[in-house]
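Pasting protein.pdb here (PDB, C-alpha atoms):
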ATOM      1  CA  MET A   4      14.019 -71.715  19.788
ATOM      2  CA  ASN A   5      16.967 -70.620  21.998
ATOM      3  CA  LYS A   6      17.676 -67.146  23.341
ATOM      4  CA  ASP A   7      20.347 -66.378  20.691
ATOM      5  CA  SER A   8      17.844 -67.107  17.916
ATOM      6  CA  ASN A   9      15.242 -64.870  19.538
ATOM      7  CA  ARG A  10      17.708 -62.014  19.838
ATOM      8  CA  TRP A  11      18.730 -62.441  16.172
ATOM      9  CA  SER A  12      15.080 -62.425  15.014
ATOM     10  CA  SER A  13      14.397 -59.262  17.026
ATOM     11  CA  LYS A  14      17.348 -57.504  15.386
ATOM     12  CA  ILE A  15      16.104 -58.495  11.921
ATOM     13  CA  ARG A  16      12.605 -57.165  12.653
ATOM     14  CA  ALA A  17      14.004 -53.892  14.057
ATOM     15  CA  GLY A  18      16.217 -53.484  10.986
ATOM     16  CA  ALA A  19      13.255 -54.061   8.678
ATOM     17  CA  VAL A  20      11.123 -51.478  10.513
ATOM     18  CA  LEU A  21      13.980 -48.931  10.403
ATOM     19  CA  GLY A  22      14.412 -49.541   6.684
ATOM     20  CA  MET A  23      10.707 -48.958   6.037
ATOM     21  CA  LEU A  24      10.767 -45.703   8.024
ATOM     22  CA  LEU A  25      13.817 -44.499   6.109
ATOM     23  CA  MET A  26      12.136 -45.279   2.787
ATOM     24  CA  ALA A  27       9.027 -43.357   3.855
ATOM     25  CA  VAL A  28      11.118 -40.297   4.753
ATOM     26  CA  LEU A  29      12.908 -40.434   1.386
ATOM     27  CA  LEU A  30       9.628 -40.708  -0.507
ATOM     28  CA  LEU A  31       8.146 -37.781   1.436
ATOM     29  CA  GLY A  32      11.199 -35.669   0.656
ATOM     30  CA  ALA A  33      10.935 -36.503  -3.033
ATOM     31  CA  CYS A  34       7.253 -35.586  -3.111
ATOM     32  CA  SER A  35       7.828 -32.255  -1.379
ATOM     33  CA  GLY A  36      10.257 -31.239  -4.131
ATOM     34  CA  ASN A  37       7.682 -31.978  -6.807
ATOM     35  CA  SER A  38       5.425 -28.994  -7.576
ATOM     36  CA  ASP A  39       2.630 -31.409  -8.563
ATOM     37  CA  SER A  40       2.707 -33.187  -5.218
ATOM     38  CA  VAL A  41       0.174 -32.576  -2.472
ATOM     39  CA  PHE A  42       3.139 -32.155  -0.114
ATOM     40  CA  HIS A  43       4.576 -29.293  -2.155
ATOM     41  CA  THR A  44       4.400 -25.821  -0.529
ATOM     42  CA  ASP A  45       4.870 -22.886  -2.869
ATOM     43  CA  THR A  46       6.053 -19.880  -0.878
ATOM     44  CA  GLU A  47       6.650 -17.695  -3.926
ATOM     45  CA  THR A  48       4.309 -14.761  -4.561
ATOM     46  CA  THR A  49       3.952 -12.294  -7.389
ATOM     47  CA  ASP A  50       2.529  -9.530  -5.177
ATOM     48  CA  SER A  51       4.646  -6.471  -4.482
ATOM     49  CA  VAL A  52       4.114  -4.644  -1.181
ATOM     50  CA  SER A  53       5.334  -1.114  -0.496
ATOM     51  CA  ARG A  54       4.533   1.629   2.004
ATOM     52  CA  VAL A  55       3.998   5.088   0.545
ATOM     53  CA  PRO A  56       3.070   8.552   1.882
ATOM     54  CA  TRP A  57      -0.653   9.022   1.253
ATOM     55  CA  ASP A  58      -2.071  12.233   2.710
ATOM     56  CA  TYR A  59      -1.661  15.180   5.113
ATOM     57  CA  ARG A  60      -4.106  17.473   6.859
ATOM     58  CA  VAL A  61      -4.018  20.442   9.232
ATOM     59  CA  VAL A  62      -6.174  20.177  12.363
ATOM     60  CA  GLU A  63      -7.029  22.868  14.892
ATOM     61  CA  GLY A  64      -6.547  21.994  18.571
ATOM     62  CA  THR A  65      -6.039  23.339  22.076
ATOM     63  CA  VAL A  66      -3.155  22.696  24.447
ATOM     64  CA  GLY A  67      -4.266  20.698  27.463
ATOM     65  CA  ASP A  68      -2.103  19.485  30.331
ATOM     66  CA  LEU A  69       1.661  20.062  30.315
ATOM     67  CA  ILE A  70       3.609  16.930  31.232
ATOM     68  CA  GLY A  71       7.327  17.623  31.569
ATOM     69  CA  SER A  72       8.537  18.688  28.112
ATOM     70  CA  ASP A  73       5.379  17.274  26.482
ATOM     71  CA  MET A  74       1.802  18.480  26.159
ATOM     72  CA  THR A  75      -1.606  16.989  25.513
ATOM     73  CA  VAL A  76      -3.606  18.319  22.588
ATOM     74  CA  LEU A  77      -7.394  18.477  22.840
ATOM     75  CA  PRO A  78      -9.908  17.221  21.851
ATOM     76  CA  ASP A  79      -8.162  13.853  21.317
ATOM     77  CA  ASN A  80      -5.828  14.278  24.308
ATOM     78  CA  GLU A  81      -2.873  13.271  22.124
ATOM     79  CA  LEU A  82       0.598  13.580  23.673
ATOM     80  CA  LEU A  83       3.131  15.679  21.711
ATOM     81  CA  PRO A  84       6.469  17.367  22.406
ATOM     82  CA  ASN A  85       5.904  20.975  23.525
ATOM     83  CA  ASP A  86       8.401  22.338  20.993
ATOM     84  CA  GLY A  87       6.669  25.725  20.820
ATOM     85  CA  ASN A  88       6.732  26.299  24.594
ATOM     86  CA  TYR A  89       2.932  26.566  24.620
ATOM     87  CA  ALA A  90       0.799  27.150  27.691
ATOM     88  CA  THR A  91      -2.365  25.334  28.685
ATOM     89  CA  GLY A  92      -5.307  26.734  26.740
ATOM     90  CA  ASP A  93      -3.255  27.993  23.765
ATOM     91  CA  LYS A  94      -4.838  27.507  20.339
ATOM     92  CA  ILE A  95      -2.521  25.556  18.029
ATOM     93  CA  TRP A  96      -2.608  23.734  14.701
ATOM     94  CA  THR A  97      -1.146  20.293  14.094
ATOM     95  CA  LEU A  98       0.007  18.529  10.950
ATOM     96  CA  GLN A  99      -1.309  14.978  10.636
ATOM     97  CA  PHE A 100       0.024  12.283   8.339
ATOM     98  CA  MET A 101      -1.412   9.138   6.795
ATOM     99  CA  ASP A 102       0.531   6.490   4.901
ATOM    100  CA  ALA A 103      -0.637   3.486   2.910
ATOM    101  CA  GLU A 104       0.404  -0.084   2.292
ATOM    102  CA  LEU A 105       0.200  -0.598  -1.446
ATOM    103  CA  VAL A 106      -0.141  -4.202  -2.651
ATOM    104  CA  THR A 107       0.360  -4.593  -6.410
ATOM    105  CA  ASP A 108      -0.332  -7.920  -8.101
ATOM    106  CA  ALA A 109       1.114  -9.317 -11.328
ATOM    107  CA  ASP A 110      -1.562  -7.473 -13.360
ATOM    108  CA  GLN A 111      -0.568  -4.119 -11.783
ATOM    109  CA  LYS A 112      -3.842  -3.959  -9.863
ATOM    110  CA  ASN A 113      -3.620  -2.216  -6.493
ATOM    111  CA  ASP A 114      -5.033  -2.991  -3.078
ATOM    112  CA  ILE A 115      -4.616   0.025  -0.790
ATOM    113  CA  ARG A 116      -4.625  -0.297   3.009
ATOM    114  CA  LEU A 117      -4.640   3.079   4.754
ATOM    115  CA  SER A 118      -3.140   3.752   8.164
ATOM    116  CA  SER A 119      -4.760   5.887  10.856
ATOM    117  CA  TRP A 120      -3.879   9.587  11.129
ATOM    118  CA  SER A 121      -0.716  10.390  13.105
ATOM    119  CA  THR A 122       0.236  13.854  14.389
ATOM    120  CA  ILE A 123       3.810  14.802  13.548
ATOM    121  CA  LYS A 124       4.203  18.551  14.201
ATOM    122  CA  SER A 125       2.543  21.517  15.916
ATOM    123  CA  TYR A 126       2.299  25.156  14.812
ATOM    124  CA  ALA A 127       1.430  28.411  16.533
ATOM    125  CA  SER A 128      -0.452  29.688  13.452
ATOM    126  CA  GLN A 129      -2.634  28.181  10.756
ATOM    127  CA  LYS A 130      -0.608  30.042   8.118
ATOM    128  CA  ALA A 131       2.651  28.289   9.095
ATOM    129  CA  ALA A 132       0.911  24.899   9.021
ATOM    130  CA  ALA A 133      -0.595  25.626   5.591
ATOM    131  CA  GLU A 134       2.830  26.581   4.198
ATOM    132  CA  ASP A 135       4.240  23.186   5.186
ATOM    133  CA  LEU A 136       1.185  21.479   3.719
ATOM    134  CA  THR A 137       1.680  23.126   0.297
ATOM    135  CA  ARG A 138       5.239  21.801   0.182
ATOM    136  CA  LEU A 139       4.228  18.268   1.147
ATOM    137  CA  LYS A 140       1.262  17.993  -1.263
ATOM    138  CA  VAL A 141       2.203  19.327  -4.697
ATOM    139  CA  SER A 142      -0.117  19.450  -7.719
ATOM    140  CA  ILE A 143       1.579  18.922 -11.089
ATOM    141  CA  THR A 144       0.468  18.523 -14.693
ATOM    142  CA  THR A 145       2.354  15.938 -16.719
ATOM    143  CA  ASP A 146       2.086  13.335 -19.462
ATOM    144  CA  VAL A 147       1.807   9.693 -18.452
ATOM    145  CA  ASP A 148       1.718   6.451 -20.422
ATOM    146  CA  LEU A 149      -1.734   5.521 -21.648
ATOM    147  CA  VAL A 150      -2.086   1.748 -21.460
ATOM    148  CA  GLY A 151      -5.358   1.838 -23.383
ATOM    149  CA  VAL A 152      -9.105   2.473 -23.390
ATOM    150  CA  TYR A 153     -11.937  -0.040 -23.421
ATOM    151  CA  LYS A 154     -15.716  -0.378 -23.177
ATOM    152  CA  THR A 155     -17.899  -2.571 -20.996
ATOM    153  CA  GLU A 156     -21.616  -3.280 -21.325
ATOM    154  CA  TYR A 157     -24.015  -4.208 -18.541
ATOM    155  CA  LYS A 158     -27.825  -4.225 -18.761
ATOM    156  CA  ASN A 159     -27.682  -2.449 -22.120
ATOM    157  CA  LYS A 160     -25.560   0.359 -20.646
ATOM    158  CA  THR A 161     -22.069   1.025 -22.001
ATOM    159  CA  ARG A 162     -19.267   2.426 -19.874
ATOM    160  CA  ASN A 163     -15.847   3.648 -21.019
ATOM    161  CA  PHE A 164     -12.584   3.348 -19.126
ATOM    162  CA  ALA A 165      -8.999   4.497 -19.578
ATOM    163  CA  VAL A 166      -5.991   2.805 -17.976
ATOM    164  CA  VAL A 167      -2.933   4.972 -17.312
ATOM    165  CA  GLU A 168       0.422   4.143 -15.756
ATOM    166  CA  LEU A 169       1.595   6.525 -13.029
ATOM    167  CA  PRO A 170       5.266   7.528 -12.523
ATOM    168  CA  SER A 171       5.393   5.015  -9.649
ATOM    169  CA  GLY A 172       4.702   2.204 -12.137
ATOM    170  CA  ASN A 173       1.211   1.503 -10.794
ATOM    171  CA  ARG A 174      -1.688   1.347 -13.214
ATOM    172  CA  ILE A 175      -5.070   2.886 -12.472
ATOM    173  CA  LYS A 176      -8.429   2.665 -14.232
ATOM    174  CA  GLN A 177     -10.583   5.768 -14.653
ATOM    175  CA  PRO A 178     -14.110   6.087 -16.088
ATOM    176  CA  ILE A 179     -14.328   8.442 -19.111
ATOM    177  CA  ASP A 180     -17.107   9.789 -21.314
ATOM    178  CA  ASP A 181     -17.553   9.094 -25.022
ATOM    179  CA  LYS A 182     -15.776  12.308 -26.042
ATOM    180  CA  ARG A 183     -12.627  11.478 -24.060
ATOM    181  CA  TYR A 184     -12.771   7.868 -25.236
ATOM    182  CA  LYS A 185     -12.549   9.018 -28.872
ATOM    183  CA  ALA A 186      -9.781  11.501 -28.029
ATOM    184  CA  LEU A 187      -7.659   8.869 -26.264
ATOM    185  CA  GLU A 188      -8.485   5.868 -28.422
ATOM    186  CA  LYS A 189      -5.327   6.049 -30.559
ATOM    187  CA  GLN A 190      -3.049   7.896 -28.145
ATOM    188  CA  LYS A 191       0.013   6.541 -26.327
ATOM    189  CA  LYS A 192       0.232   9.381 -23.790
ATOM    190  CA  ALA A 193      -2.334  11.314 -21.760
ATOM    191  CA  SER A 194      -2.028  14.660 -20.002
ATOM    192  CA  VAL A 195      -3.124  14.368 -16.365
ATOM    193  CA  VAL A 196      -3.097  16.232 -13.068
ATOM    194  CA  LEU A 197      -1.204  14.422 -10.298
ATOM    195  CA  GLU A 198      -0.825  15.149  -6.610
ATOM    196  CA  GLU A 199       2.647  14.326  -5.342
ATOM    197  CA  VAL A 200       2.569  13.444  -1.647
ATOM    198  CA  HIS A 201       6.046  13.721  -0.137
ATOM    199  CA  ASP A 202       7.369  11.911   2.908
ATOM    200  CA  PHE A 203       7.806  14.376   5.787
ATOM    201  CA  ALA A 204      11.000  12.659   6.977
ATOM    202  CA  ASP A 205      12.429  12.051   3.476
ATOM    203  CA  TYR A 206      11.203  14.650   1.007
ATOM    204  CA  ASP A 207      12.707  12.873  -2.004
ATOM    205  CA  SER A 208      10.389   9.942  -1.323
ATOM    206  CA  ALA A 209       6.982  10.697  -2.849
ATOM    207  CA  TYR A 210       3.897   9.007  -4.222
ATOM    208  CA  ALA A 211       1.837  10.441  -7.104
ATOM    209  CA  LYS A 212      -1.963  10.165  -7.005
ATOM    210  CA  PHE A 213      -4.235  10.744  -9.994
ATOM    211  CA  ARG A 214      -6.339  13.888  -9.567
ATOM    212  CA  GLY A 215      -7.915  14.335 -13.000
ATOM    213  CA  TRP A 216      -7.397  14.978 -16.692
ATOM    214  CA  ALA A 217      -5.445  18.057 -17.693
ATOM    215  CA  ASN A 218      -7.522  18.832 -20.788
TER     216      ASN A 218
END
Target encoding structure tokens, full file:
Amino acid sequence: MNKDSNRWSSKIRAGAVLGMLLMAVLLLGACSGNSDSVFHTDTETTDSVSRVPWDYRVVEGTVGDLIGSDMTVLPDNELLPNDGNYATGDKIWTLQFMDAELVTDADQKNDIRLSSWSTIKSYASQKAAAEDLTRLKVSITTDVDLVGVYKTEYKNKTRNFAVVELPSGNRIKQPIDDKRYKALEKQKKASVVLEEVHDFADYDSAYAKFRGWAN
């Protein structure tokens, strides 16, 4: 066989290999668009994730070292702005904040992931700190939607539950006794006590937590 024939055969083989590779790529692309294919990747999720204000507390502390316009607060040695022009050794109170990442699935079931406590403000008196706290955590009595009541049985013991929907749209399950089960069995609404936790930076943003039955 001469050199021209060899070159022609090599080109044919290269073309055939290229064609096979192209076909493989096309087949892989077709499979990845098919939800039944093992190559298919479903990135959609039905979970909803939101961050909500969760809790506040007032903590007593002592001013430590002064560093420029900041101060350390004992016992945790946390660094804060010295907005009150405090001196080392002064007794102060701080407002601490906790938020939560709320993951809600398609069945309205919640997974709550709490943050650590963060200090956001200092006060010269416990009274001033408590006044802010009462505005940020507000107890209210209101009617909410009652999704329903149901019974479960385990080892010959029966337990009752009620499911209510909070103003945020999240549903919670609460254990109830037989008396409340009968009272709620045919109801569409339930009177409850809620604690509204407001965002310190955006007061209109709040999250309501169930705190009990109103009657």
Neighbouring residues of Asp181 (chain A) were defined as those with any atom within 10 Å, considering only C-alpha atoms; residues of the same chain fewer than 6 positions away were excluded. Please report them as a PyMOL selection string. chain A and resi 154+161-164+187
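Distances here use only C-alpha atoms; by that measure, the residue among A:Ala109, A:Val66, A:Val196, A:Leu117 closest to Asn80 (chain A) is A:Val66.
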Non-local contacts of Pro170 (chain A) (9 Å; all atoms listed in the file; under 5 positions in same chain excluded) as an NGL selection string: :A and (147-148 or 210-211)
In Å to one decimal, how far is CA of Lys185 (chain A) from CA of Phe213 (chain A)? 20.7 Å
Interatomic distance, CA of Ala217 (chain A) to CA of Ser142 (chain A) (Å, one decimal):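 Those two atoms sit 11.4 Å apart.
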Report as a VMD selection string the full result of the PyMOL selection byres ((chain A and resi 208) around 12) when it is applied to this structure. chain A and resid 54 to 57 139 171 199 to 207 209 to 211
Kindly resolve the PyMOL selection byres ((chain A and resi 192) around 8) on the present coordinates and return the residues as a PyMOL selection string. chain A and resi 146-149+190-191+193-194
Select, counting only C-alpha atoms, all protein, DNA and RNA residues no farther than 7 Å from (-3.1, 0.6, 5.5) in file coordinates, and express the selection as JSON, numbers by chain. {"A": [102, 103, 104, 115, 116, 117, 118]}
For CA of Thr65 (chain A) and CA of Trp96 (chain A), determine how far apart the two atoms are, in Å to one decimal place.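 About the pair CA of Thr65 (chain A) and CA of Trp96 (chain A): they are 8.1 Å apart.
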Taking 3 positions as the minimum chain separation for residues in the same chain, which residues sit within 8 Å of Trp120 (chain A) when counting only C-alpha atoms? Answer as a list in words.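 Returned residues: Gln99, Phe100 and Met101 of chain A.
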Spell out the residues picked by the PyMOL selection byres ((chain A and resi 71) around 12) here, as a ChimeraX atom specification. /A:68-70,72-75,82-86,88
I'd like to know which of A:Thr122, A:Gly172, A:Ser51, A:Ala186 is closest to Thr107 (chain A), using all atoms listed in the file.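 Ranked by minimum distance to Thr107 (chain A), first place goes to A:Ser51.
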Residue contacts of Asn113 (chain A) (10 Å, all atoms listed in the file) excluding same-chain residues fewer than 6 positions away, as a tab-separated table (two decimals) with C-alpha atoms, keeping the file's coordinate frame:
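The new file out_25.tsv reads:
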chain	number	residue	atom	x	y	z
A	50	ASP	CA	2.53	-9.53	-5.18
A	51	SER	CA	4.65	-6.47	-4.48
A	52	VAL	CA	4.11	-4.64	-1.18
A	104	GLU	CA	0.40	-0.08	2.29
A	105	LEU	CA	0.20	-0.60	-1.45
A	106	VAL	CA	-0.14	-4.20	-2.65
A	107	THR	CA	0.36	-4.59	-6.41
A	173	ASN	CA	1.21	1.50	-10.79
A	174	ARG	CA	-1.69	1.35	-13.21
A	175	ILE	CA	-5.07	2.89	-12.47
Which one is closest to Pro78 (chain A): A:Lys130, A:Lys112, A:Arg138, A:Lys94? Count only C-alpha atoms.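 Under the stated criterion, the closest residue is A:Lys94.
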Which one is closest to Thr137 (chain A): A:Val152, A:Val167, A:Leu98, A:Val76? Count all atoms listed in the file.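 Closest to Thr137 (chain A), using all atoms listed in the file: A:Leu98.
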Between A:Leu136, A:Val61, A:Ile179, A:Ile95, which is the closest to Gly151 (chain A) once you count only C-alpha atoms? A:Ile179
